[in-house]
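**Student:** Can you keep this structure in mind? I'll have questions shortly.
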Amino acid sequence: MKKILGVVFSAINYFLRQVVRTALLPFLFLRKSRIWAWASKDEPTDPDEIREKRLVRSFRYTSLFLLIGLSSLMILIFGLPFARAESSFRYLWQSIQFVAGNWTAAEELAPPDISNATMEQFNAILANIKNFWYYLQVWVGCLFNPDIANEWGHGFLNVLTDTLRIFTWIPVAILSFVIVSSAMTSPHPDERMGNSKALSWWDEVFIPRVCRPIKGWLEGLWIYLRSCRWVKVFFWISFASLCIWGWTAFDVVVSYLLMIFTFDFAWFPTLIASLVVDVIVFFTRIGVVGTAIVILVGMAKGIKKAAISKMMQMQSINESVAESLPVITAINGAVGTGKTTMMSSIVYDGDSLTRDYYLSRMKAYSSAFRHFPWRKLELWVIAQQNVVDPSIRLNTRAKIRTVLLDLYRKWSEADFSYDLPDGSEMFFGYDPDFGLFWDNGAEMVPLSHAVATYAECFFMYGAGLKLATSNYPIGFKNGKGGDFFSVFEPASSYITKPDDAENVAYSGVLNMDFFRILKQMDPSDDGRLASIDGGFIAMTEASNERGNRFDYIGKKKSDGEANPLNDGFNQFMRITRHPFTVDGKPTVKIVEDYQRGDSMNAEGKDSAEDTILIMQRGEEDNALAFWGVVETVCLFFETWWTNFYWYTWKPNRGKETLVTRFLGAFCGFFINLRQKLRYRYGFETIVFNREHGGMNGLTGKRTMEQYFVIYKKTRGGLFNTAVYGPIVETSALAAKKGWTEAPRFSSINGNWSDFSAQHSYFFEKLSGNYSDLARKKPADKLRAAQKKGTDTPFDNLPKDPSEKE
């Protein structure tokens, strides 16, 4: 009790000091008085703290002002809610009495009624509906009366005349707009380039001194409102209670509890009547404009929800394709058909699916051996990753499984003792009386297998690294949550969640020596076999890495260095599933792409269990309803701005003005809106032919399938299909000459230096055959040319003027 009183008195004291300080703030001569010192006792002295406290105080006052303004607006629109609240509380009291009467059976009570006034309003609404239906019938009947129809026709013509009178001003407005824009974009040859005085003032004074502080303050206020709980509570209470919906929800909850305790539905008609009245009263009070706003907002949310639902269906199909892929899949297709894009999207889905498989194994064995201390096992796995000495650190699945099986063997040799002689726990303190085997319906699974499998799955699942390895960088945005156990976002989170450019994780670097089991490019790399431990492996331009028999000319298996003939790459690809099988299922999948099947060697091509041939890449589409209308409006402003600014203003005017800045901001809204909606809800459809099991000239099973390239997922800046661009850029950075100094043709007839600068094999061949002609006289050149194939007879050849008769 003393603590409660202390808190109350402290709050009163603080409130009084704030009131006194606020009242004395305008009187500067009182700053040295004792009362001012008392009121400012807890005020900070550091300038930054003072500024921060003032900012928070402004947020509090603004929040209070906004709540008061919202409440006043709700009262202005819907009136005081006392009558509606009294009806709801009366309904609650009647419900309590009804339930108590049924339980005690003291007397038979009438079912609760929300409000007699509600039923009267409901009956009045029904009467109005009947009157409306009557007048509608009268109006339809009047259409068949010639006199009344003639009168209606005159009225319609008057409305049409007034409308046309307004439309007659449209040509004048268009002509005025054309004259003004022509005058603005007329050429000014002597105009200096730069910004106008008004635009300079706008950029250098108004924006930094007015707009940015206001924007920063509003952002801070928004963060404060979202983080402050009492503001949220008071906002929803005032909003819900004053606009009727809160009391409607209150009645629904009371009715639901009434149904649970009595299972009596005599009150149901009055509840429906109350709900109908509340809906009609709500839309009547907000008027036509408010109703239109509510309808438009509801339609926008419905369209957005439908678009996301459609994209989620596409994502479900994509995940089915990724899950159905075998261990090795080859994707073929012409240039620009989206091979690398499709492969990268499959990797996103595969990373999530592989992690889900690890989690499913953990769920299965934790349910099979419910009494095993799985938390201790997880902490043990985490502790092994923090070992300083890398020689004893358990950083692969194989090491973890081997150590755990060895621990189990020692435990079994000790007759499954619970404790060791030194008092420490044996095998995580598990009591063998709870069982050492689990019957899964097909076999008796030993505890050792369950624990080892759980540990290696937790190692792969909880490490936080992406289960993808590639020979080009792929970024992932689906993060994780959970303080004690990680829960990862599914692949569909790329569609549903907002962009997060900060939390990006990347795929592992693919070490090709991992697959070279016979000879490696770097034999000293002892970590190559541990660089991959499962997951999806993406290999773009695989044909350039492996080549075919034409690329092997000059190479031999007996060569000392590694080459595609002696490195054992293809042999290891065939057994890749073996070292990455977890609980009977391969947890590795390799996806590679190349343009033509003939560009890959036969053995490497046959190692692919599935071959995907991209037949068609569809045009850009959008999941939003009415996208055509929205795009047409946005394209109108984008086209106008392009023609006005880029093709008229910039060529003729050197200055940027405040008018062009405002026009650009207005049109830029529609330009950016179109781009944002394209990338957020756009997609393309890839039609591909999948062949499964073809080998040795025999055609496998072929199916035509679809894959959806979802822009929100593939155009988020997480991968680059031009993966080898940095190599060329590095060479360009070292060059002394650039594109502006490159040779250029001087006429439509190229000369010798033009063709020589091309460094062409064809021209080199031609120059080798005809280089001797350049050193001969004209007549000798023609005679030599005739010997090489000209049809001009020798007698008609012109003579060289320098030759003597």
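Chains: A, B, ... in order of the structure tokens. Residues: from 1 per chain. Ligands: from 1, in order shown.
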Residues of range 553-783 of chain A in strand (DSSP E) according to DSSP, as a ChimeraX atom specification?
**Tutor:** /A:581-582,585-586,588-594,610-617,621-622,655-656,682-692,701-710
**Student:** Which residue gives the smallest distance to Phe458 in chain A among A:Asp356, A:Asp351, A:Glu603, A:Glu323, with only C-alpha atoms counted?
**Tutor:** A:Asp356
**Student:** Which of range 376-536 of chain A counts as alpha helix (DSSP H) under DSSP, as a VMD selection string please?
**Tutor:** chain A and resid 376 to 385 397 to 413 447 to 462 493 to 496
**Student:** Excluding range 58-60 of chain A and any residue of its chain fewer than 2 positions from it, enumerate the residues within 10 Å of it, using only C-alpha atoms, and give them as a list in words.
**Tutor:**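 Once the nearby chain positions are removed, what remains is Glu52, Lys53, Arg54, Leu55, Val56, Thr62, Ser63, Leu64, Phe65, Leu66, Trp217, Leu218, Gly220, Leu221, Trp222, Ile223, Tyr224, Leu225, Cys228 and Val231 of chain A.
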**Student:** Here is a test: counting only C-alpha atoms, which residue of A:Thr168, A:Asn601, A:Gln616, A:Ser767 is nearest to Tyr707 in chain A?
**Tutor:**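 When distances to Tyr707 in chain A are compared using only C-alpha atoms, the smallest one comes from A:Gln616.
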**Student:** Kindly give the distance, in Å, that separates CA of Ala732 in chain A and CA of Ser756 in chain A, rounded to a single decimal.
**Tutor:**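 Taking CA of Ala732 in chain A as the start and CA of Ser756 in chain A as the end point, the length is 21.2 Å.
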**Student:** Show me, as a ChimeraX atom specification, the residues that have an atom within 9 Å of Ala455 in chain A when counting only C-alpha atoms, minus same-chain residues fewer than 4 positions from it.
**Tutor:** /A:362,377-378,381,397,400-401,404,450-451,459-460
**Student:** Skip Gly654 in chain A itself and residues of its chain fewer than 3 positions away, then list as a PyMOL selection string all residues within 9 Å of it, counting only C-alpha atoms.
**Tutor:** chain A and resi 188-195+649-651
**Student:** Pull N, CA, C and O atoms from the residues just selected and write them as a CSV table (one decimal), in the first residue's frame.
**Tutor:**
chain,number,residue,atom,x,y,z
A,188,HIS,N,15.4,29.5,-76.2
A,188,HIS,CA,16.1,30.6,-75.6
A,188,HIS,C,17.6,30.4,-75.8
A,188,HIS,O,18.3,29.8,-74.9
A,189,PRO,N,18.1,30.8,-76.9
A,189,PRO,CA,19.5,30.4,-77.2
A,189,PRO,C,20.5,31.1,-76.2
A,189,PRO,O,21.6,30.5,-75.9
A,190,ASP,N,20.2,32.3,-75.7
A,190,ASP,CA,21.1,33.0,-74.8
A,190,ASP,C,20.9,32.7,-73.3
A,190,ASP,O,21.6,33.3,-72.5
A,191,GLU,N,20.1,31.7,-73.0
A,191,GLU,CA,19.8,31.4,-71.6
A,191,GLU,C,20.9,30.6,-71.0
A,191,GLU,O,21.5,29.7,-71.6
A,192,ARG,N,21.3,31.0,-69.8
A,192,ARG,CA,22.3,30.2,-69.1
A,192,ARG,C,21.8,29.0,-68.5
A,192,ARG,O,20.7,28.9,-68.1
A,193,MET,N,22.6,27.9,-68.5
A,193,MET,CA,22.2,26.7,-67.9
A,193,MET,C,22.3,26.7,-66.4
A,193,MET,O,23.2,27.4,-65.9
A,194,GLY,N,21.4,26.1,-65.8
A,194,GLY,CA,21.3,26.0,-64.3
A,194,GLY,C,19.9,26.1,-63.8
A,194,GLY,O,18.9,25.8,-64.6
A,195,ASN,N,19.7,26.5,-62.6
A,195,ASN,CA,18.4,26.6,-62.0
A,195,ASN,C,18.0,28.0,-61.9
A,195,ASN,O,18.8,28.9,-61.8
A,649,TRP,N,11.4,20.7,-73.7
A,649,TRP,CA,12.0,21.6,-72.8
A,649,TRP,C,13.5,21.5,-72.8
A,649,TRP,O,14.2,22.6,-72.9
A,650,LYS,N,14.1,20.4,-72.6
A,650,LYS,CA,15.5,20.3,-72.5
A,650,LYS,C,16.3,20.7,-73.7
A,650,LYS,O,17.3,21.3,-73.6
A,651,PRO,N,15.8,20.4,-74.9
A,651,PRO,CA,16.5,20.9,-76.1
A,651,PRO,C,16.4,22.4,-76.3
A,651,PRO,O,17.3,23.0,-76.9
**Student:** Provide the CA of Val276 in chain A to CA of Ala249 in chain A distance in Å, to one decimal place.
**Tutor:** 12.9 Å
